[in-house]
Protein chains: 2
Amino acid sequence: MSKFKKINLSEQEMPEKWYNIQADMPNKVLPPLHPLTKQPVGPDDLAPLFPMELIKQEVSREKWIEIPERVQDIYKIWRPSPLIRATNFEKMLDAPVKIYYKNESVSPPGSHKPNTAVPQAYYNFREGVKKLTTETGAGQWGSALSFACGFFGIELQVFMVKVSFNQKPYRKSMMNTWGANVVASPSNLTESGRKILALDPDSPGSLGIAISEAIEAAVMDPGTKYSLGSVLNHVLLHQTIIGLEAEKQFAKTDDYPDVVIGCFGGGSNFSGISFPFIKENLTQGKNIRIVAVEPESCPKLTRGVFKYDFGDTVGLTPLIPMYTLGHNFMPPKIHAGGLRYHGAGPIVSQLLKDGLIEATAVHQNECFEAGVKFARSEGIIPAPETTHAIAQVIREANRARLEGKQKTILFNLSGHGLVDLASYDQYFSNELEDYSVTEDQIRQSVAGLETLSVE
Amino acid sequence: MSKFKKINLSEQEMPEKWYNIQADMPNKVLPPLHPLTKQPVGPDDLAPLFPMELIKQEVSREKWIEIPERVQDIYKIWRPSPLIRATNFEKMLDAPVKIYYKNESVSPPGSHKPNTAVPQAYYNFREGVKKLTTETGAGQWGSALSFACGFFGIELQVFMVKVSFNQKPYRKSMMNTWGANVVASPSNLTESGRKILALDPDSPGSLGIAISEAIEAAVMDPGTKYSLGSVLNHVLLHQTIIGLEAEKQFAKTDDYPDVVIGCFGGGSNFSGISFPFIKENLTQGKNIRIVAVEPESCPKLTRGVFKYDFGDTVGLTPLIPMYTLGHNFMPPKIHAGGLRYHGAGPIVSQLLKDGLIEATAVHQNECFEAGVKFARSEGIIPAPETTHAIAQVIREANRARLEGKQKTILFNLSGHGLVDLASYDQYFSNELEDYSVTEDQIRQSVAGLETLSVE
């Protein structure tokens with residue numbers, strides 16, 4: 001029997017500040033640019049979209065940022081989240097590894113997304129915002145923001161990619177139960193949506209289109225702002241509570257991670273678990289390996305280019321410095337909808353460029369195989385996104401066995417898969433394809449970006 | 001701001017024994033009877049169905065029963081579960097009450113059911129059982145036992161009521177992911193099933209039929225045993241870890257419950273939260289009110305009779321002493337599938353008869369209204385079953401306001417509703433009916449039980 005299975009923190013031990021990695025980065029992030037002037041965007045450019053406090057956080061170089069008491073109170077419904085030793089999974093893998101995971105699936109919406117949804121709703125509430133808009137693909141982000149807005153009486157309009165809207169009725173029900181309004185995107189509510197519907201009334205939608213609609217709906221209505229669940233610096237900041245708690249939890253054990261693993265879409269859960277450990281590498285001379293895991297079907301970190309690019313398809317956002325496959329890149333319809341985004345956040349991109357993190361890509365069948373192994377040993381059915389991290393854990397364990405080396409692995413269990421079970425059905429029926437992206441596809445979709453290069 | 005939001009226990013503080021209320025009951029439970037001889041059934045009669053350790057627990061009068069280390073290890077994946085102060089819900093209700101809930105929804109299958117599924121799988125494994133059968137209605141129990149069997153490599157055959165099988169494909173996917181085999185009941189796998197299909201090929205099935213099939217499948221195969229998720233004494237015993245943890249958690253506060261509330265189907269979650277507090281009433285002279293909440297559509301506690309009755313429809317079980325609506329009673333199709341059972345467990349029935357607990361019944365629209373209020377204030381979407389407890393919490397709060405009395409309420413959040421969201425959709429669309437059972441219906445369905453009366 002292991003010394004322990006789970007390390008809980010009391011709520012008194014919950015961190016009271018987020019960690020801002022911008023303070024410690026050797027090379028700071030490049031600023032977002034206005035698409036017409038190519039000049040850095042200032043607070044005023046962003047004010048129609050975000051409350052001032054979040055804009056300040058976006059550019060802050062302060063190392064520690066206070067978590068407001070009201071946000072802490074809501075966090076405490078499910079936080080601190082447990083750090084769990086995956087003893088049964090270890091036995092199954094039979095390799096010289098200790099495996100720990102941070103269980104973010106215990107939040108009421110079932111993922112890490114509320115860590116930023118709650119403070120975003122709070123800061124908007126504080127600045128008098130009555131309504132927010134957002135987009136959602138697989139549904140985790142829309143669910144989390146619905147949950148968060150419920151606490152502050154903020155009205156929420158969610159634009160949900162139409163194909164997901166039709167395939168995942170439970171996600172819509174969750175959001176409705178928390179009081180949000182959900183519409184399939186492209187919709188008739190925006191000019192962007194109407195244009196696309198005029199061209200193709202049966203358009204299945206895309207995350208890029210939904211972002212364009214949500215931004216347009218916010219900009220057109222003075223009392224309304226917009227909220228994003230990944231990519232941006234303030235979003236990643238809020239997620240650092242995951243890794244900060246993990247640090248405190250490891251301090252209660254005799255172990256310490258040699259490698260930290262997170263799946264990668266726009267960067268939010270990966271950054272949450274890893275930034276506090278990168279801090280140790282940067283400031284304490286530690287040498288922890290930090291690994292981001294993306295799908296082979298959407299390989300921006302492993303095969304994209306580091307350029308300025310739009311965050312959405314239509315081109316309503318500022319230009320963001322990121323590893324990208326191009327904002328017109330259309331990823332195949334894999335089941336990890338949360339990882340089907342063309343770009344990586346500016347901070348993560350800079351860290352990758354500077355060699356401070358690693359990136360790797362895996363196919364979805366390998367991921368679901370890993371997810372089923374985990375479910376049958378540890379009992380938690382992981383979200384399709386999360387299975388990417390688990391697939392990499394298995395690769396690390398296999399390598400440790402071959403090398404005969406002891407290793408302690410930490411990964412982020414970013415969410416459970418209980419509202420995404422149709423994907424497991426398809427896996428069991430051998431209906432899942434492993435899509436690879438060709439060099440030609442990437443060359444084409446990043447071609448338009450050449451002149452915007454920062455290199 | 002409240003003094004705290006959540007009380008966590010460390011895993012070292014998790015109780016290491018279950019509490020057996022049979023030791024403290026002033027009137028002991030009546031024994032189950034063989035349906036032919038009307039003699040008490042002995043261990044040998046039950047041996048084809050259950051491993052000997054569970055049969056011993058079923059009749060034990062020991063006050064404390066050790067939780068095996070291996071079971072503790074698995075519990076620790078999600079236990080101790082948090083005790084949470086529902087501060088936001090309190091504010092919404094604006095009554096002089098403090099409300100606490102035990103959050104059992106954090107288990108990987110999302111309910112309290114694994115508390116007994118894990119030890120049941122363990123004791124079967126220890127006695128060399130390779131395969132189990134069970135039934136499931138709404139799907140919480142089947143999911144939990146699938147999860148538990150995964151840890152011990154036990155094969156599991158689940159008979160799922162056909163109407164649920166078709167309406168809730170995600171529940172089947174969950175069970176498959178954990179490795180269980182699921183079949184719609186009535187099925188062709190058993191004589192009971194084939195008989196019913198011969199009469200009506202389109203039979204929607206019922207929990208009673210599914211129990212008959214699961215029992216038959218176990219009895220006909222010498223290496224296979226059967227597992228039940230409620231009603232029986234050993235099941236309720238395993239659930240007491242909920243209330244035992246809550247006791248320890250209250251000891252860390254300045255509060256103590258005046259009333260303890262649980263929803264009621266067969267008794268498992270209600271007993272889990274309440275038995276340790278009934279212990280305080282029985283042995284420490286405390287005066288905590290204990291309230292079981294059942295649906296108006298299946299009112300065995302509030303309107304049934306205390307008789308010997310079968311646990312299943314076909315009549316394969318022993319005769320069990322219980323408050324019952326008759327084993328042929330067909331409850332309307334309300335959404336809280338887990339509460340649609342015709343009888344109450346023997347222990348709970350005896351406690352009710354002795355005036356040691358209260359019972360009340362509520363309609364489903366009141367329940368869903370309460371569930372939505374809770375979701376929008378505390379953030380957790382409760383299972384349809386759980387909303388019954390929450391409806392009663394609101395009634396208690398309203399009474400406290402009228403009386404101008406302070407009150408501390410504890411209820412069991414037995415599970416989340418993320419895999420039951422279609423029911424919320426129907427509630428929002430005003431499609432839910434509030435079914436009442438007539439006196440005539442009850443008189444008819446309990447008529448055959450007269451000669452079996454224990455009174």
# chains A, B, ... in the order shown; residues from 1 in each chain; ligands from 1

$ closest_atom_pairs --of "chain B" --to "chain A" --cutoff "7 Å" --atoms "only C-alpha atoms" --output "CSV"
residue,atom,partner,partner_atom,distance
B:Lys5,CA,A:Lys76,CA,6.0
B:Lys6,CA,A:Lys76,CA,6.2
B:Asn8,CA,A:Ser10,CA,5.8
B:Ser10,CA,A:Asn8,CA,5.8
B:Glu11,CA,A:Lys6,CA,6.8
B:Asp73,CA,A:Lys5,CA,6.5
B:Lys76,CA,A:Lys5,CA,6.0
B:Ile77,CA,A:Lys6,CA,6.5
B:Ile84,CA,A:Ile77,CA,6.9
B:Val106,CA,A:Val106,CA,5.5
B:Pro108,CA,A:Ile380,CA,5.0
B:Phe147,CA,A:Gly379,CA,5.8
B:Gly150,CA,A:Arg376,CA,5.2
B:Phe151,CA,A:Ser377,CA,5.9
B:Tyr170,CA,A:Leu421,CA,5.8
B:Ser173,CA,A:Leu421,CA,5.9
B:Met174,CA,A:Leu421,CA,6.8
B:Thr177,CA,A:Val372,CA,6.2
B:Trp178,CA,A:Arg376,CA,5.3
B:Val372,CA,A:Thr177,CA,6.2
B:Ala375,CA,A:Trp178,CA,6.2
B:Arg376,CA,A:Gly150,CA,5.2
B:Ser377,CA,A:Phe151,CA,5.9
B:Gly379,CA,A:Phe147,CA,5.8
B:Ile380,CA,A:Pro108,CA,5.0
B:Leu418,CA,A:Val419,CA,6.8
B:Val419,CA,A:Val419,CA,6.7
B:Leu421,CA,A:Tyr170,CA,5.8
B:Ala422,CA,A:Tyr170,CA,6.9
B:Tyr424,CA,A:Ser173,CA,7.0
B:Asp425,CA,A:Ser173,CA,6.1

$ residues_around --residues "A:Phe165" --least-positions-apart "5" --cutoff "9 Å" --atoms "only C-alpha atoms" --output "list in words"
Gly137, Ala138, Gly139, Met160, Arg171, Lys172, Val182, Val183, Ala184 and Ser185 of chain A

$ atom_distance --atom1 "atom CA of B:Phe159" --atom2 "atom CA of B:Pro51"
20.4 Å

$ residues_around --residues "B:Glu53" --least-positions-apart "4" --cutoff "9 Å" --atoms "only C-alpha atoms" --output "ChimeraX atom specification"
/B:57-58,123-124,127

$ write_last_selection --atoms "N, CA and C atoms" --output "PDB file, in the first residue's frame"
ATOM      1  N   GLN B  57     -22.339  -9.281   7.347  1.00  0.00           N
ATOM      2  CA  GLN B  57     -22.628  -7.865   7.640  1.00  0.00           C
ATOM      3  C   GLN B  57     -24.138  -7.615   7.656  1.00  0.00           C
ATOM      4  N   GLU B  58     -24.858  -8.345   6.829  1.00  0.00           N
ATOM      5  CA  GLU B  58     -26.302  -8.153   6.726  1.00  0.00           C
ATOM      6  C   GLU B  58     -26.988  -8.383   8.078  1.00  0.00           C
ATOM      7  N   TYR B 123     -15.274  -7.577  -1.580  1.00  0.00           N
ATOM      8  CA  TYR B 123     -15.564  -8.829  -0.865  1.00  0.00           C
ATOM      9  C   TYR B 123     -15.821  -9.964  -1.850  1.00  0.00           C
ATOM     10  N   ASN B 124     -16.457  -9.684  -2.962  1.00  0.00           N
ATOM     11  CA  ASN B 124     -16.640 -10.718  -3.982  1.00  0.00           C
ATOM     12  C   ASN B 124     -15.294 -11.181  -4.522  1.00  0.00           C
ATOM     13  N   GLU B 127     -13.445 -13.442  -2.232  1.00  0.00           N
ATOM     14  CA  GLU B 127     -13.967 -14.810  -2.150  1.00  0.00           C
ATOM     15  C   GLU B 127     -13.958 -15.485  -3.522  1.00  0.00           C
TER      16      GLU B 127
END

$ closest_residue --among "A:Glu104, A:Lys91, A:Val348, A:Asn365" --to "A:Ser429" --atoms "only C-alpha atoms"
A:Asn365

$ residues_around --residues "stretch 187-196 of chain B" --least-positions-apart "5" --cutoff "8 Å" --atoms "only C-alpha atoms" --output "ChimeraX atom specification"
/B:159,201,203,209,212-213,216-217

$ write_last_selection --atoms "N, CA, C and O atoms" --output "PDB file, in the first residue's frame"
ATOM      1  N   PHE B 159     -28.130  -5.330 -16.262  1.00  0.00           N
ATOM      2  CA  PHE B 159     -29.433  -5.322 -16.913  1.00  0.00           C
ATOM      3  C   PHE B 159     -30.030  -3.930 -16.703  1.00  0.00           C
ATOM      4  O   PHE B 159     -30.367  -3.556 -15.569  1.00  0.00           O
ATOM      5  N   PRO B 201     -43.135  -8.002 -27.028  1.00  0.00           N
ATOM      6  CA  PRO B 201     -41.796  -7.761 -27.577  1.00  0.00           C
ATOM      7  C   PRO B 201     -41.344  -6.311 -27.384  1.00  0.00           C
ATOM      8  O   PRO B 201     -40.151  -6.021 -27.421  1.00  0.00           O
ATOM      9  N   SER B 203     -41.930  -4.465 -24.628  1.00  0.00           N
ATOM     10  CA  SER B 203     -41.949  -4.088 -23.212  1.00  0.00           C
ATOM     11  C   SER B 203     -40.870  -3.058 -22.905  1.00  0.00           C
ATOM     12  O   SER B 203     -39.706  -3.253 -23.251  1.00  0.00           O
ATOM     13  N   ILE B 209     -38.405  -6.068 -13.148  1.00  0.00           N
ATOM     14  CA  ILE B 209     -38.029  -7.087 -14.139  1.00  0.00           C
ATOM     15  C   ILE B 209     -36.508  -7.219 -14.202  1.00  0.00           C
ATOM     16  O   ILE B 209     -35.959  -8.325 -14.242  1.00  0.00           O
ATOM     17  N   SER B 212     -35.183  -9.206 -11.382  1.00  0.00           N
ATOM     18  CA  SER B 212     -35.441 -10.631 -11.600  1.00  0.00           C
ATOM     19  C   SER B 212     -34.417 -11.211 -12.571  1.00  0.00           C
ATOM     20  O   SER B 212     -33.863 -12.292 -12.342  1.00  0.00           O
ATOM     21  N   GLU B 213     -34.139 -10.509 -13.648  1.00  0.00           N
ATOM     22  CA  GLU B 213     -33.165 -11.020 -14.625  1.00  0.00           C
ATOM     23  C   GLU B 213     -31.766 -11.149 -14.015  1.00  0.00           C
ATOM     24  O   GLU B 213     -31.073 -12.141 -14.229  1.00  0.00           O
ATOM     25  N   GLU B 216     -31.685 -14.090 -11.582  1.00  0.00           N
ATOM     26  CA  GLU B 216     -31.699 -15.357 -12.315  1.00  0.00           C
ATOM     27  C   GLU B 216     -30.336 -15.636 -12.953  1.00  0.00           C
ATOM     28  O   GLU B 216     -29.805 -16.753 -12.862  1.00  0.00           O
ATOM     29  N   ALA B 217     -29.750 -14.626 -13.574  1.00  0.00           N
ATOM     30  CA  ALA B 217     -28.460 -14.809 -14.252  1.00  0.00           C
ATOM     31  C   ALA B 217     -27.374 -15.214 -13.253  1.00  0.00           C
ATOM     32  O   ALA B 217     -26.487 -16.007 -13.588  1.00  0.00           O
TER      33      ALA B 217
END

$ decode --residues "stretch 346-357 of chain B" --atoms "all heavy atoms" --output "PDB file, in the first residue's frame"
ATOM      1  N   PRO B 346     -35.345  -2.539   5.237  1.00  0.00           N
ATOM      2  CA  PRO B 346     -35.859  -2.988   6.538  1.00  0.00           C
ATOM      3  C   PRO B 346     -35.456  -2.092   7.699  1.00  0.00           C
ATOM      4  O   PRO B 346     -36.271  -1.827   8.595  1.00  0.00           O
ATOM      5  CB  PRO B 346     -35.242  -4.377   6.707  1.00  0.00           C
ATOM      6  CG  PRO B 346     -34.872  -4.832   5.344  1.00  0.00           C
ATOM      7  CD  PRO B 346     -34.591  -3.606   4.544  1.00  0.00           C
ATOM      8  N   ILE B 347     -34.216  -1.626   7.708  1.00  0.00           N
ATOM      9  CA  ILE B 347     -33.776  -0.795   8.841  1.00  0.00           C
ATOM     10  C   ILE B 347     -34.535   0.525   8.848  1.00  0.00           C
ATOM     11  O   ILE B 347     -35.093   0.939   9.873  1.00  0.00           O
ATOM     12  CB  ILE B 347     -32.253  -0.532   8.778  1.00  0.00           C
ATOM     13  CG1 ILE B 347     -31.483  -1.833   9.029  1.00  0.00           C
ATOM     14  CG2 ILE B 347     -31.859   0.530   9.805  1.00  0.00           C
ATOM     15  CD1 ILE B 347     -29.976  -1.686   8.946  1.00  0.00           C
ATOM     16  N   VAL B 348     -34.565   1.178   7.699  1.00  0.00           N
ATOM     17  CA  VAL B 348     -35.256   2.468   7.624  1.00  0.00           C
ATOM     18  C   VAL B 348     -36.725   2.294   7.980  1.00  0.00           C
ATOM     19  O   VAL B 348     -37.322   3.125   8.695  1.00  0.00           O
ATOM     20  CB  VAL B 348     -35.104   3.082   6.220  1.00  0.00           C
ATOM     21  CG1 VAL B 348     -35.993   4.309   6.078  1.00  0.00           C
ATOM     22  CG2 VAL B 348     -33.653   3.449   5.944  1.00  0.00           C
ATOM     23  N   SER B 349     -37.331   1.201   7.518  1.00  0.00           N
ATOM     24  CA  SER B 349     -38.741   0.965   7.809  1.00  0.00           C
ATOM     25  C   SER B 349     -38.964   0.849   9.308  1.00  0.00           C
ATOM     26  O   SER B 349     -39.920   1.422   9.865  1.00  0.00           O
ATOM     27  CB  SER B 349     -39.205  -0.312   7.095  1.00  0.00           C
ATOM     28  OG  SER B 349     -39.170  -0.128   5.698  1.00  0.00           O
ATOM     29  N   GLN B 350     -38.080   0.117   9.975  1.00  0.00           N
ATOM     30  CA  GLN B 350     -38.223  -0.039  11.423  1.00  0.00           C
ATOM     31  C   GLN B 350     -38.049   1.301  12.147  1.00  0.00           C
ATOM     32  O   GLN B 350     -38.779   1.621  13.083  1.00  0.00           O
ATOM     33  CB  GLN B 350     -37.198  -1.068  11.935  1.00  0.00           C
ATOM     34  CG  GLN B 350     -37.397  -1.488  13.383  1.00  0.00           C
ATOM     35  CD  GLN B 350     -38.723  -2.226  13.599  1.00  0.00           C
ATOM     36  OE1 GLN B 350     -39.053  -3.137  12.855  1.00  0.00           O
ATOM     37  NE2 GLN B 350     -39.496  -1.798  14.601  1.00  0.00           N
ATOM     38  N   LEU B 351     -37.082   2.084  11.679  1.00  0.00           N
ATOM     39  CA  LEU B 351     -36.835   3.396  12.301  1.00  0.00           C
ATOM     40  C   LEU B 351     -38.045   4.306  12.138  1.00  0.00           C
ATOM     41  O   LEU B 351     -38.418   5.043  13.055  1.00  0.00           O
ATOM     42  CB  LEU B 351     -35.603   4.064  11.671  1.00  0.00           C
ATOM     43  CG  LEU B 351     -34.255   3.394  11.918  1.00  0.00           C
ATOM     44  CD1 LEU B 351     -33.167   4.046  11.055  1.00  0.00           C
ATOM     45  CD2 LEU B 351     -33.858   3.460  13.400  1.00  0.00           C
ATOM     46  N   LEU B 352     -38.668   4.235  10.968  1.00  0.00           N
ATOM     47  CA  LEU B 352     -39.847   5.068  10.734  1.00  0.00           C
ATOM     48  C   LEU B 352     -40.987   4.610  11.640  1.00  0.00           C
ATOM     49  O   LEU B 352     -41.680   5.414  12.260  1.00  0.00           O
ATOM     50  CB  LEU B 352     -40.263   4.993   9.255  1.00  0.00           C
ATOM     51  CG  LEU B 352     -41.483   5.819   8.861  1.00  0.00           C
ATOM     52  CD1 LEU B 352     -41.217   7.316   9.040  1.00  0.00           C
ATOM     53  CD2 LEU B 352     -41.885   5.562   7.404  1.00  0.00           C
ATOM     54  N   LYS B 353     -41.185   3.288  11.713  1.00  0.00           N
ATOM     55  CA  LYS B 353     -42.236   2.740  12.554  1.00  0.00           C
ATOM     56  C   LYS B 353     -42.039   3.149  14.018  1.00  0.00           C
ATOM     57  O   LYS B 353     -43.001   3.416  14.736  1.00  0.00           O
ATOM     58  CB  LYS B 353     -42.231   1.212  12.438  1.00  0.00           C
ATOM     59  CG  LYS B 353     -43.359   0.534  13.180  1.00  0.00           C
ATOM     60  CD  LYS B 353     -43.506  -0.907  12.734  1.00  0.00           C
ATOM     61  CE  LYS B 353     -44.820  -1.491  13.271  1.00  0.00           C
ATOM     62  NZ  LYS B 353     -44.874  -1.491  14.730  1.00  0.00           N
ATOM     63  N   ASP B 354     -40.790   3.231  14.428  1.00  0.00           N
ATOM     64  CA  ASP B 354     -40.480   3.581  15.821  1.00  0.00           C
ATOM     65  C   ASP B 354     -40.409   5.087  16.060  1.00  0.00           C
ATOM     66  O   ASP B 354     -40.021   5.521  17.148  1.00  0.00           O
ATOM     67  CB  ASP B 354     -39.150   2.932  16.232  1.00  0.00           C
ATOM     68  CG  ASP B 354     -39.261   1.411  16.313  1.00  0.00           C
ATOM     69  OD1 ASP B 354     -40.400   0.907  16.360  1.00  0.00           O
ATOM     70  OD2 ASP B 354     -38.223   0.731  16.324  1.00  0.00           O
ATOM     71  N   GLY B 355     -40.728   5.869  15.040  1.00  0.00           N
ATOM     72  CA  GLY B 355     -40.752   7.322  15.216  1.00  0.00           C
ATOM     73  C   GLY B 355     -39.382   7.959  15.342  1.00  0.00           C
ATOM     74  O   GLY B 355     -39.256   9.080  15.825  1.00  0.00           O
ATOM     75  N   LEU B 356     -38.352   7.269  14.888  1.00  0.00           N
ATOM     76  CA  LEU B 356     -36.999   7.812  15.009  1.00  0.00           C
ATOM     77  C   LEU B 356     -36.595   8.658  13.802  1.00  0.00           C
ATOM     78  O   LEU B 356     -35.574   9.345  13.832  1.00  0.00           O
ATOM     79  CB  LEU B 356     -35.999   6.674  15.229  1.00  0.00           C
ATOM     80  CG  LEU B 356     -36.259   5.893  16.525  1.00  0.00           C
ATOM     81  CD1 LEU B 356     -35.381   4.642  16.591  1.00  0.00           C
ATOM     82  CD2 LEU B 356     -36.009   6.782  17.746  1.00  0.00           C
ATOM     83  N   ILE B 357     -37.383   8.569  12.740  1.00  0.00           N
ATOM     84  CA  ILE B 357     -37.169   9.437  11.579  1.00  0.00           C
ATOM     85  C   ILE B 357     -38.532   9.951  11.111  1.00  0.00           C
ATOM     86  O   ILE B 357     -39.574   9.391  11.458  1.00  0.00           O
ATOM     87  CB  ILE B 357     -36.469   8.706  10.406  1.00  0.00           C
ATOM     88  CG1 ILE B 357     -37.355   7.570   9.859  1.00  0.00           C
ATOM     89  CG2 ILE B 357     -35.115   8.151  10.835  1.00  0.00           C
ATOM     90  CD1 ILE B 357     -36.835   6.945   8.573  1.00  0.00           C
TER      91      ILE B 357
END
